[in-house]
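Engineer: Below you'll find the structure I mean.
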Amino acid sequence: MPQEGETSGFARGASISGSDGHHERIAAAVCERIERGCDEYRAYWLDSAPVRHFVVDDLLPEPLIAEIEAALPPPSDLIPRSSIRERKKVGIDLEGYASVVAEAVLAFQDDRVLRAVGRVVGSETLLTDPSLYASGLSVMGNGDFLHPHLDNSHDGDQVLYRALNLLFYLSRDWRLENGGNFELWENGSPQPTTLISACNRLVVMETSPTSWHSVSRVRVDRPRWCVSNYYFSEVPLKGGGHYRHVTTFRGRPGAGFGGTLLWLDGLARNALGRALPFLLKRSWHRREPRP
């Protein structure tokens with residue numbers, strides 16, 4: 001539950017070769033933790049705002065968290081993404097990471113975990129993503145940020161709707177004052193609802209045409225780690241009519257000229273996506289399907 005002060009290239013269930021049982025350990029632990037608190041998380045989901053979400057703390061046993069934390073790659077090994085929209089580093093080079101780290105990503109693509117999450121949100125239409133489109137590791141350092149945005153509405157093939165965003169945090173003793181915290185925005189609100197990026201915390205958020213979210217600027221000289229995964233569906237999770245948009249950013253309240261630039265950037269990117277939809281399928285941030 002929130003703390004005080006908070007406002008692929010693999011077949012489903014597959015694992016990295018030589019993972020020494022890490023996949024089974026992590027996937028089974030995640031599934032057990034979610035199923036154990038299913039009723040609590042379901043109530044949380046139904047009562048959550050401004051974007052439907054639920055939070056699972058103490059997701060994995062402490063020894064397993066310590067093992068993953070100790071095996072994380074140097075931040076310099078990840079790929080920087082720096083623009084007016086965001087500043088962070090990302091990576092999905094799972095074969096290049098320690099197997100326990102790779103399996104910390106892949107475990108969320110396990111069908112058992114998918115079904116457990118589906119029971120919480122009341123959906124049987126969820127699908128995993130073998131290509132790990134836009135998934136994997138991310139790390140933020142001092143000064144890094146992610147402005148308010150809507151995620152790309154579809155998967156890497158522009159066929160399935162993006163339904164859920166799963167964010168698993170791995171930075172020890174992370175506090176509100178560190179920045180780098182997850183934020184959910186209601187349209188027109190001057191302030192977000194903030195969830196601390198606490199170590200061993202899983203946040204599951206619905207993605208929709210109104211699910212604005214961001215990450216506050218990191219204020220400490222230490223890495224803020226996150227494992228990201230997505231679930232998809234053939235139909236929008238909320239129901240209703242069809243929609244399509246690219247990842248679209250906007251400025252924070254009072255952003256001034258920077259906010260105007262982000263608004264124009266969003267208009268241009270969406271116009272380009274509608275005019276040349278094949279470009280949306282050309283993403284390096286995914287893995288080729290494997291047999």
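Each chain in the structure tokens gets a letter, A, B, ..., in the order shown, and its residues are numbered from 1; ligands are numbered from 1 in order too.
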I'd like the contact shell of A:His149 - 6 Å cut-off, only C-alpha atoms, skipping same-chain residues fewer than 3 positions apart - returned as a PyMOL selection string.
Structural biologist: chain A and resi 212-213+248-249
Engineer: List the neighbours of A:Ser171 out to 8 Å using only C-alpha atoms; skip same-chain residues closer than 5 positions along the sequence, and give me the result as JSON, numbers by chain.
Structural biologist: {"A": [69, 197, 198, 199, 223, 224, 225, 226]}
Engineer: Write the residues of the preceding selection, restricted to C-alpha atoms, as a short mmCIF file (atom, residue, chain, number, x, y, z; two decimals), in the first residue's frame.
Structural biologist:
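Saved to part.cif:
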data_model
loop_
_atom_site.label_atom_id
_atom_site.label_comp_id
_atom_site.auth_asym_id
_atom_site.auth_seq_id
_atom_site.Cartn_x
_atom_site.Cartn_y
_atom_site.Cartn_z
CA GLU A 69 20.05 -5.64 -6.72
CA SER A 197 9.34 4.40 -6.15
CA ALA A 198 10.02 2.22 -3.13
CA CYS A 199 12.25 -0.83 -3.43
CA PRO A 223 20.48 5.36 -9.42
CA ARG A 224 16.72 4.87 -9.44
CA TRP A 225 16.04 1.46 -11.00
CA CYS A 226 12.80 0.18 -12.52
#
Engineer: Between A:Asp93, A:Asp77, A:Glu103, A:Glu206, which is the closest to A:Arg25 once you count only C-alpha atoms?
Structural biologist: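 Closest to A:Arg25 of all the choices is A:Glu103.
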Engineer: Do you know which residues are at most 10 Å from A:Asn229 counting only C-alpha atoms, after dropping those on the same chain fewer than 4 positions away, and could you put them as number ranges by chain?
Structural biologist: A: 8, 105-109, 128-129, 132-137, 164-168, 204
Engineer: Name the residues of stretch 89-255 of chain A that come out as alpha helix (DSSP H) in a backbone DSSP run; write them as a list of chain:residue names.
Structural biologist: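 After running DSSP on the backbone, stretch 89-255 of chain A has alpha helix (DSSP H) at A:Ser99, A:Val100, A:Val101, A:Ala102, A:Glu103, A:Ala104, A:Val105, A:Leu106, A:Asp111, A:Arg112, A:Val113, A:Leu114, A:Arg115, A:Ala116, A:Val117, A:Gly118, A:Arg119, A:Val120, A:Val121.
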Engineer: Mind giving me the straight-line distance from atom CA of A:Arg219 to atom CA of A:Gly143 in Å, one decimal?
Structural biologist: 6.1 Å
Engineer: Rank A:Arg162, A:Arg42, A:Arg175, A:Arg81 by their smallest atom-to-atom distance to A:Arg119, using only C-alpha atoms, and report the top residue only.
Structural biologist: A:Arg42
Engineer: Could you give me, as a list in words, the residues within 10 Å of A:Lys88, counting only C-alpha atoms and dropping anything in the same chain fewer than 4 positions from it?
Structural biologist: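 The contact residues come out as Pro75, Leu78, Ile79, Pro80, Arg81, Ser82, Ser83, Ser138, Val139, Met140, Gly141, Asn142, Gly143, Asp144, Phe145, Leu146 and Arg224 of chain A.
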Engineer: Restricted to C-alpha atoms, what would the selected residues look like written as a compact mmCIF listing (two decimals), in the first residue's frame?
Structural biologist:
# COMPACT_ATOMS: atom_id res chain seq x y z
CA PRO A 75 24.03 2.34 -15.58
CA LEU A 78 22.19 1.10 -20.76
CA ILE A 79 21.14 3.31 -23.67
CA PRO A 80 20.54 7.01 -22.90
CA ARG A 81 17.31 8.70 -23.95
CA SER A 82 17.52 12.46 -23.58
CA SER A 83 15.15 15.07 -25.01
CA SER A 138 15.39 1.67 -16.90
CA VAL A 139 17.61 3.74 -14.65
CA MET A 140 17.49 7.42 -13.72
CA GLY A 141 20.26 9.46 -12.12
CA ASN A 142 20.45 12.89 -10.57
CA GLY A 143 18.42 15.37 -12.65
CA ASP A 144 16.68 12.74 -14.79
CA PHE A 145 12.91 12.98 -15.34
CA LEU A 146 9.91 11.86 -17.37
CA ARG A 224 16.72 4.87 -9.44
Engineer: So how far away is atom CA of A:Arg201 from atom CA of A:Tyr169, in Å?
Structural biologist: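 Separating atom CA of A:Tyr169 from atom CA of A:Arg201 is a distance of 5.5 Å.
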Engineer: When you count only C-alpha atoms, which of these residues is closest to A:Asp151: A:Val246, A:Leu170, A:Leu64, A:Ala28?
Structural biologist: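 Distance minimum relative to A:Asp151 lands on A:Val246.
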Engineer: Report, in Å with one decimal, the straight-line distance from atom CA of A:Glu234 to atom CA of A:Tyr161.
Structural biologist: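 Here the two named atoms are 6.0 Å from each other.
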Engineer: Which residue, A:Glu35, A:Gly259, A:Ile26, A:Val56, has the smallest gap to A:Val101 when you use only C-alpha atoms?
Structural biologist: A:Ile26
Engineer: From the list A:Ser208, A:Gly188, A:Leu150, A:Asn270, which residue is nearest A:Gly241 when using only C-alpha atoms?
Structural biologist: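 Looking only at the distances to A:Gly241, the closest residue turns out to be A:Ser208.
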Engineer: Of the candidates A:Asp57, A:Asp173, A:Asp47, A:Asp20, which shows the shortest atom-to-atom distance to A:Ile34, using only C-alpha atoms?
Structural biologist: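 Using only C-alpha atoms, A:Ile34 sits closest to A:Asp57.
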Engineer: List the spatial neighbours of stretch 97-100 of chain A as a ChimeraX atom specification - criterion: any atom at most 6 Å away, only C-alpha atoms, same-chain residues fewer than 3 positions off excluded.
Structural biologist: /A:19,22,68,94,103
